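Q: This is the structure I want to talk about, given as structure tokens.
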Amino acid sequence: MLFPTITFAVFFLVVFVGNWLLMPRPHLWKPFILLASFVFYGWWEWRFVLLLALSALANWLFAAAIARSGTAAGRKWLLAVAVAANLGVLGWFKYYGFFITSMVNVLEVFGLNADIALLRIVLPVGISFLTFRVLSYVIDVYRGKLRTASLIDFAVYVSFFPYIMAGPIARAGEVLPQLVSPRDPRRIDTARAFFLIFAGLAKKMLLADYLATHIVNGVFTTPGQYTSLEVLFGIIGYSVQIYCDFSAYADIAIGISLLLGFQLPDNFNAPYTAVSVQDFWRRWHMTLSRWLRDYLYIPLGGNRKGRTRTYMNIMVTMLLGGLWHGAGWPFVFWGGLHGASQVVEHRRVDRRRQRAQRLERRTTALNGEGAGDAGVVAEAGAGAAAGGSSAPLEYDRRPWYGGVWPRLGVFAFVTFAWVFFRSPTFGAALSVLGRLFQSWGGIGAAVTPALLLVIALGIGIQYVPRSLYERTEAGFSALNPVLQGVVLAAGFVLLDVLGPSGPASFLYFRF
Amino acid sequence: MADRSPDDLPFGRRRRSAAGALVAILVALLLGALLNAPAMKKTAQELPFGAARSFRLALIDPLAAVSHWLFLDRPARLTAEALGKPDPGPTGAPLVVLVTPRPRPSGKPGPAATVKPLPPPRRGDPLRLYIGGDSMAGVPGMALTNLAKDTGVMQPKLDYHISSGLCRPDFFNWPAQLVSQAQALHPGAAVVMFGANDQQGVQAANGKVYAFETGGWKTEYRRRVRDAMDILFDGGVKRIYWIGQPIMPEAVFSRHMRVLNEIYRSEARKRSGVRYIDAYRLLSTGSGAYSDYLKDEKGRLQQVREGDGTHFTYAGGMRLARVVLAAIKADWLPKKKSGAVPGSPSPSPRAPAKASPAP
């Protein structure tokens, strides 16, 4: 079921009414919202509802067993089995083809003809998000950060329909506490909810889908048909498209959850205003970034085991983050590009810190201060050199006008990396990039004022101060509900007239 | 309904009650439905013939009438008009399109065609290649576009429209599209692929709706295939490369594709200028079964179908495109030593055929 459809509108109306009528009776509300989520998910493929239910049951059992286990070794073993089982299921559905084709082709290189019977595996929508959700619960229970939930609460958390397809990756610790007591039906942040839903639909229908059909799909599939300038705008267009598409889904999911009384974590914070690649990952798909940080990067050692190990951990995290997005080497390469760029940034900052510390030591020595103080500085320096410092990167401390070039640089780098993310093969990516240098003879028919406007809007909305959005929401909240409905109706019709015919699927469904 | 107590929300944003939210949602949906009734009616009309379509129309028709009566359908229409967008309502597109009957020029099309050598394309005078069809034609069309462009003597133009087919010209009028594209592009060759969306009822000129696979359906669908070929020939196309449907994961779906392919193949046989490309066999395993994965000519295993089991991956599209390009090259760029020059029907001296709605 796609959000921008009449079917979903009817579904949501029924769920909304049922949600608030049953909210005071949790023993009725929970089965109701669980059933609604199963219907939402099963609308696409009912057989995978069973997978969803099984995943909830199995991980609930794993967590319960971990909580009850008396020994540290037993808990560790149970956690390992749970992680292996979840990654195994993910691997089976998502990476089966990738691994089999890679293996067969490698064997072929050595003259070994592996005649393997290949299975047809249908990828359940949102399985990557599901896996990360359930793992966050099991790991947090293992770490003692979370107490085990009842099966019904956990099942509701796992399958809550607003985020089931494409996130945000809300953690158990964020959702389960909200299930403990009924939400207050008198205090719904409707203005923000409606604003997010409308903004999401507008980004999806007016910007993302326009860019996809007008230039991006063509440039990435038949680059030879386009001039270099068109290819350049096609690549930039994809940068804007993927932001507008993915953040639109997150906005709508958060808005719908708010209407049902639940708060989800933000997933985007103006990512193309980032001044460094690290900053980009603090703003892009934030719930994935922090998941990777807390459940992969830090367990690997984070920045606590020396500089080289820190760099390695960054690379491993980003390579696996790339693979999480898709079963293909270009995704891995995309992750590698982001990892390498962050390593370079870390290295630069580390060097600057070392220079600053040397300078400070020299100054201290010249001032004739005590050796004890110098030792303290050296010790702190060692900690910082190991990456343990929490001081912000230098990029973050620049004034806004000083951030223009870093912002442009980060945007250019991220946009370049998206080419590998979007292309099915390296060859296809290189064809697109190669075309940038082959046909500078003319502008091309696809570069239109409308295209430039859409790209400018897609980037420009990220530079609008948050306070302006909040003032608009506050103004909207002052209207009485009937007027709010009228404004929304007019807005939806305008979107329908301006947008493409027929809803297009969200890009991140496939991940 | 608003909670007027001091709140933690910025700029004094007010929270509302669930009842207030419900009022806003209901007003938005009801008013939105009235304002958008023409577009909703159009969407319902485009559904496949059957109970779901009738039910949806039974609900929307009164809504559309009220909307029209209250002038609520005007804002969307006027906005679309002001922005140069198509009218959001039903377009009045015909369910049946008949191609104007005309006497066939000698030898065109038909097995007894006058054999004339095809003009070999050159860099300064490339072969204009029109590639059209539904979403299934998309990826192979893109791959073919890339391959054809690389020859340096072909000028491809890809024109695919998702969810379209020959059964429902009211959704997308392919006969009219083919006429206009032939007039605009003057293609020498056309590659077309239809059918994946044509497993649905079709309305014949007599007004009857025939269910898929019935005798009446086959007769009407065959006529539409024939007309599509005639339109292209009349538009100056000298060769048509008609791509059949590939094997599908489900047995029933595959059987449906074979029904369609039989029609395409038999109609292609009747015309010397039509080449039928057997995608069904090309996308099957050696034992004739379906697989997501097939080996390419170098023995590398590749995923050729998307997760839906229907559409092609780029590798799958490339597999098909290579075969189509080979057929095109055999016709237009024959090797000198082979001697045999492929025949071509005489160019039509008349104006192109017109596609007009059935009375």
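By order in the structure tokens, chains are A, B, ...; within a chain, residues start at 1; ligands start at 1, following the order shown.
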Would you give me, as a ChimeraX atom specification, the residues of chain B that come within 8 Å of chain A, using only C-alpha atoms?

A: /B:3,10-18,20-29,31-32,35-36,76,79-80,85,88,142-143,145-146,149,291-293,299-303,307-308,314

Q: Based on DSSP run over this structure's backbone, return all residues of segment 202-242 of chain B in alpha helix (DSSP H), as a list in words.

A: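 Output for segment 202-242 of chain B, alpha helix (DSSP H) only: Gly215, Gly216, Trp217, Lys218, Thr219, Glu220, Tyr221, Arg222, Arg223, Arg224, Val225, Arg226, Asp227, Ala228, Met229, Asp230, Ile231, Leu232, Phe233 and Asp234 of chain B.
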
Q: What gap, in Å, lies between atom CA of Met318 of chain A and atom CA of Tyr41 of chain A?

A: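 Taking atom CA of Met318 of chain A as the start and atom CA of Tyr41 of chain A as the end point, the length is 29.6 Å.
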
Q: Interatomic distance between atom CA of Asn303 of chain A and atom CA of Phe413 of chain A?

A: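 Answer for the atom CA of Asn303 of chain A to atom CA of Phe413 of chain A separation: 24.3 Å.
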
Q: Within 9 Å of segment 161-171 of chain A, counting only C-alpha atoms, which residues show up once you throw out same-chain ones fewer than 6 positions away? Write them as number ranges by chain, please.

A: A: 33-34, 36-41, 125-130, 132-134, 136-137, 246, 249-250, 252-257, 264-267, 285-288, 291, 506, 508-511

Q: Take the residues from that selection and write them out as a tab-separated table (two decimals), in the first residue's frame, keeping N, CA and C atoms.

A:
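Just written: part17.tsv:
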chain	number	residue	atom	x	y	z
A	33	ILE	N	-3.94	-2.46	16.36
A	33	ILE	CA	-2.89	-1.78	15.59
A	33	ILE	C	-1.97	-2.82	14.94
A	34	LEU	N	-1.83	-3.96	15.60
A	34	LEU	CA	-1.02	-5.03	15.02
A	34	LEU	C	-1.70	-5.57	13.76
A	36	ALA	N	-3.84	-3.99	11.91
A	36	ALA	CA	-3.78	-2.94	10.88
A	36	ALA	C	-2.42	-2.95	10.19
A	37	SER	N	-1.37	-3.13	10.98
A	37	SER	CA	-0.03	-3.16	10.39
A	37	SER	C	0.15	-4.37	9.48
A	38	PHE	N	-0.40	-5.49	9.89
A	38	PHE	CA	-0.31	-6.70	9.05
A	38	PHE	C	-1.08	-6.50	7.74
A	39	VAL	N	-2.24	-5.85	7.83
A	39	VAL	CA	-3.03	-5.59	6.61
A	39	VAL	C	-2.22	-4.67	5.68
A	40	PHE	N	-1.63	-3.64	6.26
A	40	PHE	CA	-0.84	-2.68	5.47
A	40	PHE	C	0.31	-3.41	4.76
A	41	TYR	N	1.01	-4.23	5.52
A	41	TYR	CA	2.16	-4.95	4.94
A	41	TYR	C	1.70	-6.04	3.97
A	125	VAL	N	9.62	-6.39	1.10
A	125	VAL	CA	9.84	-4.94	1.22
A	125	VAL	C	10.24	-4.59	2.65
A	126	GLY	N	11.26	-3.79	2.78
A	126	GLY	CA	11.65	-3.26	4.09
A	126	GLY	C	12.37	-4.25	4.98
A	127	ILE	N	12.86	-5.36	4.43
A	127	ILE	CA	13.47	-6.38	5.30
A	127	ILE	C	14.75	-5.86	5.97
A	128	SER	N	15.47	-4.96	5.30
A	128	SER	CA	16.69	-4.41	5.91
A	128	SER	C	16.33	-3.57	7.13
A	129	PHE	N	15.26	-2.82	7.02
A	129	PHE	CA	14.82	-1.99	8.15
A	129	PHE	C	14.32	-2.88	9.29
A	130	LEU	N	13.58	-3.91	8.91
A	130	LEU	CA	13.06	-4.85	9.92
A	130	LEU	C	14.21	-5.49	10.70
A	132	PHE	N	17.24	-4.43	11.23
A	132	PHE	CA	17.91	-3.50	12.15
A	132	PHE	C	17.04	-3.17	13.36
A	133	ARG	N	15.72	-3.13	13.12
A	133	ARG	CA	14.82	-2.84	14.26
A	133	ARG	C	14.91	-3.96	15.30
A	134	VAL	N	14.75	-5.20	14.82
A	134	VAL	CA	14.72	-6.30	15.79
A	134	VAL	C	16.09	-6.48	16.44
A	136	SER	N	18.21	-4.15	17.16
A	136	SER	CA	18.41	-3.10	18.17
A	136	SER	C	17.78	-3.55	19.49
A	137	TYR	N	16.64	-4.22	19.41
A	137	TYR	CA	15.97	-4.68	20.63
A	137	TYR	C	16.78	-5.77	21.31
A	246	PHE	N	13.37	10.01	-0.34
A	246	PHE	CA	13.55	9.27	0.91
A	246	PHE	C	13.08	10.10	2.10
A	249	TYR	N	9.31	10.05	2.44
A	249	TYR	CA	8.73	8.88	3.11
A	249	TYR	C	8.86	9.05	4.63
A	250	ALA	N	10.04	9.49	5.06
A	250	ALA	CA	10.26	9.66	6.51
A	250	ALA	C	9.31	10.71	7.06
A	252	ILE	N	6.37	11.61	5.95
A	252	ILE	CA	4.99	11.10	5.99
A	252	ILE	C	4.84	10.09	7.13
A	253	ALA	N	5.86	9.23	7.28
A	253	ALA	CA	5.80	8.22	8.36
A	253	ALA	C	5.74	8.90	9.72
A	254	ILE	N	6.55	9.93	9.91
A	254	ILE	CA	6.56	10.64	11.19
A	254	ILE	C	5.23	11.36	11.41
A	255	GLY	N	4.71	11.97	10.33
A	255	GLY	CA	3.43	12.69	10.43
A	255	GLY	C	2.28	11.76	10.78
A	256	ILE	N	2.24	10.62	10.12
A	256	ILE	CA	1.16	9.66	10.39
A	256	ILE	C	1.26	9.14	11.83
A	257	SER	N	2.47	8.88	12.27
A	257	SER	CA	2.67	8.41	13.64
A	257	SER	C	2.20	9.46	14.64
A	264	LEU	N	8.26	9.59	16.39
A	264	LEU	CA	9.37	8.84	15.80
A	264	LEU	C	10.58	9.77	15.69
A	265	PRO	N	11.77	9.19	15.66
A	265	PRO	CA	12.96	10.05	15.53
A	265	PRO	C	13.06	10.67	14.14
A	266	ASP	N	13.67	11.86	14.09
A	266	ASP	CA	13.91	12.49	12.79
A	266	ASP	C	14.90	11.65	11.99
A	267	ASN	N	14.76	11.72	10.68
A	267	ASN	CA	15.66	10.93	9.83
A	267	ASN	C	16.56	11.79	8.96
A	285	HIS	N	19.82	10.19	6.69
A	285	HIS	CA	19.38	8.90	7.21
A	285	HIS	C	19.94	8.71	8.62
A	286	MET	N	19.59	9.67	9.46
A	286	MET	CA	20.20	9.75	10.79
A	286	MET	C	19.99	8.49	11.62
A	287	THR	N	18.84	7.86	11.44
A	287	THR	CA	18.57	6.67	12.26
A	287	THR	C	19.45	5.50	11.82
A	288	LEU	N	19.83	5.48	10.55
A	288	LEU	CA	20.76	4.43	10.10
A	288	LEU	C	22.17	4.74	10.61
A	291	TRP	N	22.48	3.89	14.14
A	291	TRP	CA	22.44	2.42	14.30
A	291	TRP	C	23.82	1.85	14.00
A	506	PHE	N	8.36	4.45	-3.62
A	506	PHE	CA	9.48	5.15	-3.00
A	506	PHE	C	10.78	4.38	-3.27
A	508	TYR	N	13.46	3.92	-1.49
A	508	TYR	CA	14.06	3.13	-0.43
A	508	TYR	C	13.27	1.87	-0.11
A	509	PHE	N	12.14	1.63	-0.79
A	509	PHE	CA	11.41	0.37	-0.59
A	509	PHE	C	12.31	-0.81	-0.93
A	510	ARG	N	13.17	-0.63	-1.92
A	510	ARG	CA	13.97	-1.76	-2.39
A	510	ARG	C	15.11	-2.09	-1.45
A	511	PHE	N	15.37	-1.20	-0.50
A	511	PHE	CA	16.46	-1.45	0.42
A	511	PHE	C	15.92	-2.11	1.69

Q: Between atom CA of Leu260 of chain B and atom CA of Tyr130 of chain B, what is the distance in Å, rounded to a tenth?

A: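 Straight-line distance from atom CA of Leu260 of chain B to atom CA of Tyr130 of chain B works out to 21.9 Å.
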
Q: Excluding same-chain residues fewer than 6 positions from Gln245 of chain B, what lies within 8 Å of it counting only C-alpha atoms, as a list in words?

A: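 Residues meeting the cut-off are Met193, Phe194, Gly195, Ala196, Met257, Arg258, Leu260, Asn261, Asp278, Ala279 and Tyr280 of chain B.
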
Q: Let's have the selection written as a compact mmCIF listing (two decimals), in the first residue's frame, with C-alpha atoms.

A:
# COMPACT_ATOMS: atom_id res chain seq x y z
CA MET B 193 7.03 -4.51 -27.45
CA PHE B 194 3.53 -4.74 -26.03
CA GLY B 195 1.48 -7.28 -24.17
CA ALA B 196 2.34 -7.53 -20.47
CA MET B 257 2.31 -14.62 -22.71
CA ARG B 258 2.33 -17.58 -25.11
CA LEU B 260 -0.05 -13.15 -27.01
CA ASN B 261 3.15 -14.33 -28.66
CA ASP B 278 11.46 -14.54 -29.62
CA ALA B 279 12.05 -13.14 -26.14
CA TYR B 280 10.33 -16.13 -24.57

Q: Among segment 109-270 of chain B, which ones does DSSP assign to strand (DSSP E or B) (computed from the backbone)? Answer as a ChimeraX atom specification.

A: /B:127-133,154-160,189-193,202-203,209-210,239-243
